[in-house]
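Okay, structure first, notes after.
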Amino acid sequence: MSDVLPGSVLPIPDQAYTGPMVMDAKKMEEKLPPIEMKRPPKKAPNVLLIMLDDVGFGASSAFGGPVPMPTAERLADDGLRYSRFHTTAICSPTRAAMLSGRNHHQVGMGQITETATPSPGYRSTRPNSCVPLPEILRQSGYNTAQFGKCHEVPVWESGPTGPFDHWPAFSGFEKFYGFIGGETNQWTPALIDGVSMIEPPTDPDYHLMPDLADKAIDYINQQKALTPDKPFFIYFAPGATHAPHHVPKEWIAKHKGKYDQGWDALRQETYRRQVALGVIGADSVLTERSQGIPSWAEVPPERKPILAHQMEVYGAFLEYADFHTGRVVDAVEKLGMLDDTLIMYIIGDNGASAEGGLEGAFMLSTAANGGAEYETTEFWQQNLDKIGGPEAYNHYAVGWAHAMCTPYQWTKQVASHYGGTRNGTIVHWPAMITAKGEVRNQWHHVIDVAPTILELAGLAQPHTVNGVTQIPMHGVSMAYTFNDGGAAERHNTQYFEIMGNRGIYHRGWTAQTRHRTPWDVVGAAPDFSDDVWELYDTTVDWTQSNNLARENPAKLAELQQLFLIEATRYNVIPLDDRAAQRMNPEFAGRPTIVKGDTLRLFEGMTRLNENVAINVKNRSWSVTAEIEVPEGVSPGGAIVAQGGRTGGWSFFADAGRIGFHYNFCGLLRSTALSERTVDAGTHQVRAEFAYDGGGIGRGGDVTVFIDGDSVATAHVERTHPMYFSFDEGLDVGIDTGMPAYEGYTTPKGEFTAKIVWAEIHLGPGDHSHLIDPEEWLAAAMRHQ
C-alpha cells in the first residue's frame with residue numbers, strides 16, 4: 001500500500017541478500033545492492049525543540065509579558081503564536097508527556113521523579129510500550145541530541161552505575177549534555193556527558209546557559225558538516241528559569257527599577273498588552289489575585305526593594321536564557337537552514353513557580369527544611385547584592401510567580417487552573433507555514449508535540465518497537481492549524497492532575513478543583529471529598545474568571561464523571577496528594593540502592609546524589625575513614641562531604657587537624673575541629689553524630705575522634721529533615737560543586753593525603769525511619 005508511512009515497525013528489519021553468489025569476488029557479474037544508510041523520508045525537516053523551565057504565560061514579551069525575549073519575538077513574528085497550548089503543571093510529567101506523546105500518568109510520571117511510588121501512574125519508569133519520540137526518530141534515520149535538563153530518570157537509577165535504560169543516551173538521544181535532576185546550580189552544575197558525570201570548567205565566569213548553547217552550536221555545525229543529508233532532532237531544554245535564579249550581574253543591571261510598581265500593577269500592565277497583542281480574547285477578564293497572596297500595598301515598605309530585586313534577577317535570567325537560545329537559532333540560520341527547520345519554542349514546562357514562598361528565598365532549601373525565619377529583612381538587606389550569584393540559591397516570591405502567569409489564576413503545580421498549565425508556544429517553519437505573525441487559538445497540549453513532528457517527518461507512529469507492541473500516542477498533530485487559523489480544533493478532551501490538583505477540559509468547558517497550595521510543602525492537604533469544584537465555559541470566559549458551578553450543576557457533574565473516566569483510563573487513580581513525605585523513599589515505597597545501615601566509600605567517588613547515597617537525616621550516624629599521611633604533609637581538604645552551600649556536611653582536615661562541619665541551609669553553621677594533628681603514617685579518623693531526637697530536623701552533638709581518642713566536640717542546632725540539595729552530591733576526597741564547608745585551604749577541598757577507605761554507618765537503636773507517615777508529617781508541621 002503506497003499510503004503506508006514508514007516506521008510502523010522499528011527497527012526496520014534488515015533485508016538478507018538472496019541473489020547469486022560466486023567464490024571469487026572479482027568474478028561477480030551481478031552488481032550487489034548498495035549498503036543502505038538509514039535515512040527518513042526526504043520531506044523530513046530538521047527539528048529544533050526548545051523548552052524553557054518555570055516560565056508562566058505572562059512573563060515573555062512575545063506574549064505580552066514584561067521580560068524582553070527578542071528571540072521568541074523574532075520567531076513569533078515570522079511564525080505562529082499558540083495562545084491555548086498546555087503543559088501538565090510540573091517538570092517531569094510535562095517532559096515525559098511531550099517526548100512520549102502520551103499522558104504523563106500513562107508513562108508513570110504522575111509527579112516528579114524524586115517522589116515516585118509503586119503506583120502504576122507514579123513509578124517514574126517509562127514502560128517499554130511507550131517508546132519516546134527521539135528513539136523513533138533515531139531508528140528512522142535522524143541524528144538526535146539533547147542539551148540541558150532531563151528530569152526523567154528514576155532517582156534510584158541516577159547513580160554512576162545506572163542502570164541507564166531511562167537516561168537520555170538510552171532513550172533515543174545519540175548525544176546528551178546537561179543534567180538529569182530537577183534543577184542545578186548554574187555556576188557549578190552537576191553535568192552529565194552521555195552517561196558520564198563531569199565537572200564544569202574552572203573558569204570563574206562559567207555559567208551553564210552559554211555552555212549549553214555552545215555545545216548545541218558545535219553539534220549542529222559538526223552534524224551538518226559530516227552528514228548534511230541527515231536531518232537533526234535537537235531538544236534544547238536549558239533548565240532556565242527554574243531556581244536557582246543565577247545570572248551575571250550585568251544582565252541584572254539591565255532590569256533595575258523595572259518592577260518597582262509591584263506585582264499587582266505588573267499584572268494590569270501585562271493584561272493590557274496581552275489584549276492588544278491578541279494572545280487572549282478581546283473580552284477577557286483579568287482574574288483576581290489567587291487566595292493567600294498578599295497585595296503589593298500590604299507589603300511593608302522596607303521589604304519592597306527586596307522583593308523588587310528578586311524580580312529583577314528573575315527577569316534577567318529569563319532574558320539571558322532567551323539570548324543564548326537565540327545563538328542556537330542563529331547557528332541554524334548561518335548554515336542556511338532556518339527556513340527548512342521546524343522550530344517549536346515552548347516557553348515553560350509549566351506556570352511560573354511559587355515554590356519560593358510568600359517572601360522569596362535566599363536559600364531555596366529553606367522551603368522544605370525550615371529556616372526561612374533566619375532570612376529576616378535585615379539579612380536580605382545585607383545580602384541583597386548576592387542573589388543571582390554563586391553565594392545564593394535564590395527564588396522569587398509567590399506574588400511575582402502569580403504575576404508571571406497573568407491573566408490566569410494560580411501557578412506551577414496547580415494543574416487545575418490555567419496559571420499552572422497554559423504556556424505560550426511558538427512554531428516557526430517558513431518553508432511550510434505561509435502565515436507570519438499570526439495567533440492560533442486552537443486548544444492543544446504538550447502530548448501533541450510528538451504526533452506533530454512525526455507527521456511532518458512523514459513517519460508513522462509505530463505500533464511495534466524492539467518487538468514490543470506500543471500504546472498508541474494520545475496526542476493529535478497540530479499541523480492542521482499551520483495554514484488554517486480557522487480550522488476546527490481536534491484536541492477535544494484532556495484531563496489534568498498533579499498532587500490532587502485536578503481538572504478536565506472538554507470541548508470548551510473546564511471543571512477543576514484546587515486541592516493543594518504550591519508554596520505549602522509540608523502542610524496537610526484536605527480530604528479529597530472536601531474539595532470544592534469549579535466550572536467554566538471558556539468559549540465565552542477565556543481566563544476562567546466566572547465560576548458557573550452553582551448555575552450549572554448538571555454540566556459540572558457531567559465533567560466530574562468524565563474526569564473519573566479519564567483518570568481511570570490513564571492510571572491517575574489512586575490520587576496521591578502527599579508532598580514532602582514522598583521525598584522519603586521508605587514512606588513512598590520506591591527502591592533504594594544502598595541496603596542495610598552501612599555505605600563503604602573509596603577515593604574518587606563523587607557527585608553521589610542523595611537518592612544514591614545512604615540517608616543520614618533525622619537520626620544518629622557516623623563517618624569513618626582510614627587515611628595514610630606521607631612524611632612532611634599536614635593533610636587538608638575534604639575526607640567525605642555531602643551537599644553544598646545550600647546545606648550539607650563535611651568531614652575534613654585542616655593543617656593536620658581533623659574536623660566536622662554542619663551547614664544548615666547556608667544559614668546556621670557548626671564546626672568541631674581538633675587541636676591535635678595527625679602525623680605521618682596510617683590513622684583512623686571518625687566523626688559521630690548523636691541525634692537529639694524528638695522529631696525531624698532536630699539538632700545533635702558531634703564528636704571527632706583520631707585513632708579512637710575523642711579530640712573535638714560541637715553542638716549542631718538544627719539539621720535538614722528533607723534534603724541537602726537537589727544537585728550537589730556526596731564526595732570522597734574532594735567537595736565538588738559549591739562547598740558544604742567554606743574553610744577549605746585547597747581548591748575544591750581536594751584532600752592532600754591518601755584515603756584508603758571511608759564508611760558511613762547509621763547508628764544503632766535509632767528508629768526515626770520507622771515513624772508513621774502521619775506522625776512524621778505532624779512533626780514536620782510542628783517544626784515549621
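By order of appearance in the C-alpha cells: chains A, B, ..., then residues from 1 within every chain, and ligands from 1 in the order shown.
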If you run DSSP on this backbone, which residues of stretch 106-174 of chain A come out as helix (DSSP H, G or I), and could you give them as a PyMOL selection string? chain A and resi 113-115+120-122+133-139+155-157+168-170
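Residues surrounding A:Pro630 within 10 Å are Ile627, Val633, Ser634, Pro635, Asp679, Ala680, Gly681, Thr682, Thr752, Ala753 and Lys754 of chain A [only C-alpha atoms; sequence separation below 3 positions excluded].
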May I have the residues within 10 Å of stretch 237-239 of chain A as a ChimeraX atom specification, using only C-alpha atoms and disregarding those fewer than 6 positions away in the same chain? /A:49-54,91,95,146-151,178-179,181-184,186,208-213,321,324-325,345-346,348-349
Give me, as a ChimeraX atom specification, all polymer residues having an atom no more than 9 Å from A:Phe482, counting only C-alpha atoms and skipping those fewer than 3 positions away in the same chain. /A:80,427,432-435,440,478-479,485
Got time to write the residues from that selection, C-alpha atoms, as a compact mmCIF listing (two decimals), in the first residue's frame?
```
# COMPACT_ATOMS: atom_id res chain seq x y z
CA LEU A 80 2.81 31.42 14.76
CA VAL A 427 6.04 27.46 15.85
CA MET A 432 5.85 25.24 5.07
CA ILE A 433 3.98 27.90 7.08
CA THR A 434 2.82 30.78 4.91
CA ALA A 435 1.32 32.83 7.76
CA ARG A 440 -3.51 30.29 16.67
CA MET A 478 -1.04 20.40 15.35
CA ALA A 479 -0.08 20.56 11.67
CA GLY A 485 -6.22 29.68 11.54
```
Let's see if you can do this: from backbone DSSP, list all strand (DSSP E or B) residues in stretch 62-310 of chain A, as a ChimeraX atom specification. /A:67,80-82,85-86,143-149,175-179,191-193,196-198,232-237
Store the residues picked out above in a file with N, CA and C atoms, as an mmCIF file, in the first residue's frame.
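Written out: again-v2.cif:
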```cif
data_model
loop_
_atom_site.group_PDB
_atom_site.id
_atom_site.type_symbol
_atom_site.label_atom_id
_atom_site.label_comp_id
_atom_site.auth_asym_id
_atom_site.auth_seq_id
_atom_site.Cartn_x
_atom_site.Cartn_y
_atom_site.Cartn_z
ATOM 1 N N VAL A 67 9.174 40.793 30.387
ATOM 2 C CA VAL A 67 10.575 40.408 30.212
ATOM 3 C C VAL A 67 10.924 40.367 28.727
ATOM 4 N N LEU A 80 4.119 31.482 14.116
ATOM 5 C CA LEU A 80 2.809 31.424 14.763
ATOM 6 C C LEU A 80 2.949 31.433 16.275
ATOM 7 N N ARG A 81 2.051 32.180 16.930
ATOM 8 C CA ARG A 81 1.908 32.110 18.381
ATOM 9 C C ARG A 81 0.723 31.204 18.701
ATOM 10 N N TYR A 82 0.922 30.260 19.601
ATOM 11 C CA TYR A 82 -0.191 29.419 20.074
ATOM 12 C C TYR A 82 -0.607 29.910 21.452
ATOM 13 N N PHE A 85 -2.008 26.666 24.440
ATOM 14 C CA PHE A 85 -1.164 25.468 24.497
ATOM 15 C C PHE A 85 -0.916 25.160 25.972
ATOM 16 N N HIS A 86 -0.900 23.859 26.313
ATOM 17 C CA HIS A 86 -0.909 23.489 27.724
ATOM 18 C C HIS A 86 0.144 22.449 28.072
ATOM 19 N N ASN A 143 19.619 12.197 13.175
ATOM 20 C CA ASN A 143 20.582 12.410 14.243
ATOM 21 C C ASN A 143 19.859 13.108 15.378
ATOM 22 N N THR A 144 20.086 12.657 16.600
ATOM 23 C CA THR A 144 19.308 13.151 17.741
ATOM 24 C C THR A 144 20.235 13.612 18.849
ATOM 25 N N ALA A 145 19.895 14.732 19.476
ATOM 26 C CA ALA A 145 20.722 15.268 20.557
ATOM 27 C C ALA A 145 19.859 16.064 21.522
ATOM 28 N N GLN A 146 20.223 15.988 22.801
ATOM 29 C CA GLN A 146 19.562 16.795 23.826
ATOM 30 C C GLN A 146 20.609 17.571 24.599
ATOM 31 N N PHE A 147 20.279 18.834 24.892
ATOM 32 C CA PHE A 147 21.141 19.700 25.672
ATOM 33 C C PHE A 147 20.313 20.341 26.782
ATOM 34 N N GLY A 148 20.736 20.113 28.034
ATOM 35 C CA GLY A 148 20.047 20.751 29.150
ATOM 36 C C GLY A 148 19.450 19.768 30.128
ATOM 37 N N LYS A 149 18.239 20.072 30.549
ATOM 38 C CA LYS A 149 17.589 19.354 31.642
ATOM 39 C C LYS A 149 16.828 18.140 31.138
ATOM 40 N N LYS A 175 23.378 12.018 21.442
ATOM 41 C CA LYS A 175 24.208 12.940 22.199
ATOM 42 C C LYS A 175 23.381 13.543 23.326
ATOM 43 N N PHE A 176 23.925 13.497 24.556
ATOM 44 C CA PHE A 176 23.288 14.199 25.671
ATOM 45 C C PHE A 176 24.350 14.952 26.441
ATOM 46 N N TYR A 177 24.075 16.218 26.689
ATOM 47 C CA TYR A 177 24.947 17.048 27.511
ATOM 48 C C TYR A 177 24.045 17.930 28.361
ATOM 49 N N GLY A 178 24.093 17.738 29.669
ATOM 50 C CA GLY A 178 23.218 18.510 30.536
ATOM 51 C C GLY A 178 23.175 17.929 31.924
ATOM 52 N N PHE A 179 21.985 17.911 32.523
ATOM 53 C CA PHE A 179 21.827 17.369 33.879
ATOM 54 C C PHE A 179 20.523 16.595 33.942
ATOM 55 N N LEU A 191 26.960 18.185 35.861
ATOM 56 C CA LEU A 191 26.918 17.897 34.431
ATOM 57 C C LEU A 191 27.065 16.416 34.114
ATOM 58 N N ILE A 192 26.354 16.021 33.069
ATOM 59 C CA ILE A 192 26.448 14.679 32.502
ATOM 60 C C ILE A 192 26.774 14.819 31.019
ATOM 61 N N ASP A 193 27.738 14.050 30.559
ATOM 62 C CA ASP A 193 28.030 13.948 29.135
ATOM 63 C C ASP A 193 27.819 12.491 28.753
ATOM 64 N N SER A 196 28.301 9.862 31.619
ATOM 65 C CA SER A 196 29.441 10.132 32.500
ATOM 66 C C SER A 196 29.259 11.474 33.203
ATOM 67 N N MET A 197 29.499 11.461 34.512
ATOM 68 C CA MET A 197 29.447 12.695 35.278
ATOM 69 C C MET A 197 30.764 13.440 35.090
ATOM 70 N N ILE A 198 30.669 14.721 34.758
ATOM 71 C CA ILE A 198 31.857 15.527 34.537
ATOM 72 C C ILE A 198 31.755 16.806 35.350
ATOM 73 N N PHE A 232 18.400 16.657 11.632
ATOM 74 C CA PHE A 232 18.646 16.530 13.072
ATOM 75 C C PHE A 232 17.366 16.772 13.853
ATOM 76 N N PHE A 233 17.313 16.158 15.024
ATOM 77 C CA PHE A 233 16.302 16.474 16.037
ATOM 78 C C PHE A 233 17.074 16.899 17.271
ATOM 79 N N ILE A 234 16.984 18.180 17.594
ATOM 80 C CA ILE A 234 17.691 18.736 18.746
ATOM 81 C C ILE A 234 16.669 19.230 19.756
ATOM 82 N N TYR A 235 16.796 18.721 20.954
ATOM 83 C CA TYR A 235 15.933 19.116 22.077
ATOM 84 C C TYR A 235 16.783 19.992 22.988
ATOM 85 N N PHE A 236 16.483 21.287 22.971
ATOM 86 C CA PHE A 236 17.246 22.270 23.745
ATOM 87 C C PHE A 236 16.398 22.699 24.932
ATOM 88 N N ALA A 237 16.744 22.192 26.113
ATOM 89 C CA ALA A 237 15.938 22.410 27.322
ATOM 90 C C ALA A 237 16.848 22.877 28.446
#
```
Neighbouring residues of A:Asp520 were defined as those with any atom within 9 Å, considering only C-alpha atoms; residues of the same chain fewer than 6 positions away were excluded. Please report them as number ranges by chain. A: 355, 357, 367-368, 579
Proximity to A:Arg422 - best of A:Val439, A:Leu562, A:Ile293, A:Ala59, only C-alpha atoms: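 The shortest atom-to-atom distance to A:Arg422 comes from A:Ala59.
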